[in-house]
Amino acid sequence: MTLTTRMLTPETWEDFAALVEANNGVWGGCWCIGFHPEGVGHGREGNRELKRRHVTRGTVHQVLVYDGERCVGWCQFGPPAEVATINNRKAYEKDLAELPDWRIGCIFTNAKDRGRGVAAAAVAAALAEIKRAGGGVVEAYPEQTEERPPQRGAYLHTGPEELYTRYGFTRVRKIAKWRWVMRTKI
């Protein structure tokens, strides 16, 4: 695979939509809206329309990963106001000293393309975009996979901890049995 990346924009919307539609709306119809302020719960078509509006308004930061002309994955990121809905919110806020400048929300790889470096390419490109935008403290909320039974891909929608470790993220605090807040500075 030769992977390239592009930002999700109105011009790349159809590539993103084709990947989402080929994967059952992603996790049952999320359309990668779950970390946005309005969250999921608007039905498959409602979530799709909310995501399309974010793309049209420019209120989404999302790197798409391509194998040739085919979109095979993504990484969503943005400032806290844009990536506002955090899993385990009560535990997250309990020991929060200060908000990060940037958050990485979800990562998705097409089922047939997993294990080929798509997620790593997505995170690397997201971090490059964050650096280009001025950098700062970046936070992610990955799942711990070591010492844990194997999980289906849906449980790893925020990525595995070791992926972020590869890019200099370190554990800050635990917010669920298998989920951590990890940070790095770009």
# chains A, B, ... in the order shown; residues from 1 in each chain; ligands from 1
call {"tool": "select_by_dssp", "arguments": {"residues": "range 39-185 of chain A", "states": "strand (DSSP E)", "output": "ChimeraX atom specification"}}
result
/A:61-67,70-78,102-109,137-140,170-174,180-185
call {"tool": "residues_around", "arguments": {"residues": "Val72 in chain A", "least_positions_apart": "3", "cutoff": "12 Å", "atoms": "only C-alpha atoms", "output": "PDB file with C-alpha atoms, in the first residue's frame"}}
result
ATOM      1  CA  MET A   1       0.000   0.000   0.000  1.00  0.00           C
ATOM      2  CA  THR A   2       1.119   3.518  -0.784  1.00  0.00           C
ATOM      3  CA  LEU A   3      -0.764   5.741   1.630  1.00  0.00           C
ATOM      4  CA  THR A   4      -1.421   9.439   1.166  1.00  0.00           C
ATOM      5  CA  THR A   5      -3.552  11.851   3.163  1.00  0.00           C
ATOM      6  CA  ARG A   6      -5.929  14.711   2.459  1.00  0.00           C
ATOM      7  CA  ASP A  15     -14.626   9.861  -0.673  1.00  0.00           C
ATOM      8  CA  PHE A  16     -15.386  10.010   3.059  1.00  0.00           C
ATOM      9  CA  ALA A  17     -19.089   9.244   2.503  1.00  0.00           C
ATOM     10  CA  ALA A  18     -18.271   6.225   0.324  1.00  0.00           C
ATOM     11  CA  LEU A  19     -16.072   4.768   3.073  1.00  0.00           C
ATOM     12  CA  VAL A  20     -18.687   5.404   5.774  1.00  0.00           C
ATOM     13  CA  ALA A  22     -19.399   0.844   2.840  1.00  0.00           C
ATOM     14  CA  ASN A  23     -18.999   0.283   6.595  1.00  0.00           C
ATOM     15  CA  VAL A  63      -7.417  13.658   7.934  1.00  0.00           C
ATOM     16  CA  LEU A  64      -8.500  11.094   5.343  1.00  0.00           C
ATOM     17  CA  VAL A  65      -6.084   8.312   4.398  1.00  0.00           C
ATOM     18  CA  TYR A  66      -6.019   7.031   0.826  1.00  0.00           C
ATOM     19  CA  ASP A  67      -4.656   3.957  -0.894  1.00  0.00           C
ATOM     20  CA  GLY A  68      -4.448   5.333  -4.409  1.00  0.00           C
ATOM     21  CA  GLU A  69      -7.778   7.053  -4.997  1.00  0.00           C
ATOM     22  CA  CYS A  75      -8.293  10.532  12.097  1.00  0.00           C
ATOM     23  CA  ILE A 107      -9.656   6.863  14.243  1.00  0.00           C
ATOM     24  CA  PHE A 108     -11.207   4.545  11.692  1.00  0.00           C
ATOM     25  CA  THR A 109      -9.714   2.049   9.263  1.00  0.00           C
ATOM     26  CA  ASN A 110     -11.719   0.178   6.662  1.00  0.00           C
ATOM     27  CA  ALA A 111     -12.082  -3.420   7.882  1.00  0.00           C
ATOM     28  CA  LYS A 112     -10.266  -4.906   4.859  1.00  0.00           C
ATOM     29  CA  ASP A 113      -7.339  -2.500   5.280  1.00  0.00           C
ATOM     30  CA  ARG A 114      -6.571  -3.006   8.977  1.00  0.00           C
ATOM     31  CA  GLY A 115      -3.055  -3.966   9.963  1.00  0.00           C
ATOM     32  CA  ARG A 116      -1.514  -2.029   7.064  1.00  0.00           C
ATOM     33  CA  GLY A 117      -0.492   1.190   8.812  1.00  0.00           C
ATOM     34  CA  VAL A 118      -3.604   3.241   8.014  1.00  0.00           C
ATOM     35  CA  ALA A 119      -4.153   4.410  11.610  1.00  0.00           C
ATOM     36  CA  ALA A 121      -0.554   7.326   8.786  1.00  0.00           C
ATOM     37  CA  ALA A 122      -3.721   9.066   9.974  1.00  0.00           C
TER      38      ALA A 122
END
call {"tool": "select_by_dssp", "arguments": {"residues": "range 8-172 of chain A", "states": "helix (DSSP H, G or I)", "output": "ChimeraX atom specification"}}
result
/A:13-22,43-57,89-94,111-113,118-132,153-156,161-165
call {"tool": "closest_residue", "arguments": {"among": "A:His61, A:Arg70, A:Arg53, A:Arg173", "to": "Tyr92 in chain A", "atoms": "only C-alpha atoms"}}
result
A:Arg173
call {"tool": "atom_distance", "arguments": {"atom1": "CA of Pro37 in chain A", "atom2": "CA of Gly105 in chain A"}}
result
11.8 Å
call {"tool": "closest_residue", "arguments": {"among": "A:Val123, A:Ala140, A:Ala128, A:Val172", "to": "Trp74 in chain A", "atoms": "only C-alpha atoms"}}
result
A:Val123
call {"tool": "atom_distance", "arguments": {"atom1": "CA of Thr9 in chain A", "atom2": "CA of Val60 in chain A"}}
result
8.6 Å
call {"tool": "closest_residue", "arguments": {"among": "A:Pro10, A:Gly41, A:Gly34, A:Pro142", "to": "Ala84 in chain A", "atoms": "only C-alpha atoms"}}
result
A:Gly34
call {"tool": "closest_residue", "arguments": {"among": "A:Leu50, A:Gly134, A:Asp95, A:Gly43", "to": "Pro79 in chain A", "atoms": "only C-alpha atoms"}}
result
A:Gly134
call {"tool": "closest_residue", "arguments": {"among": "A:Asn88, A:Gly29, A:Val181, A:Leu127", "to": "Gln144 in chain A", "atoms": "only C-alpha atoms"}}
result
A:Val181
call {"tool": "residues_around", "arguments": {"residues": "Glu98 in chain A", "least_positions_apart": "3", "cutoff": "12 Å", "atoms": "only C-alpha atoms", "output": "NGL selection string"}}
result
:A and (80 or 92-95 or 101-102 or 137-139 or 183)
call {"tool": "atom_distance", "arguments": {"atom1": "CA of Leu8 in chain A", "atom2": "CA of Val55 in chain A"}}
result
7.1 Å
call {"tool": "closest_residue", "arguments": {"among": "A:Gly28, A:Ile33, A:Arg57, A:Arg148", "to": "Lys177 in chain A", "atoms": "only C-alpha atoms"}}
result
A:Arg148
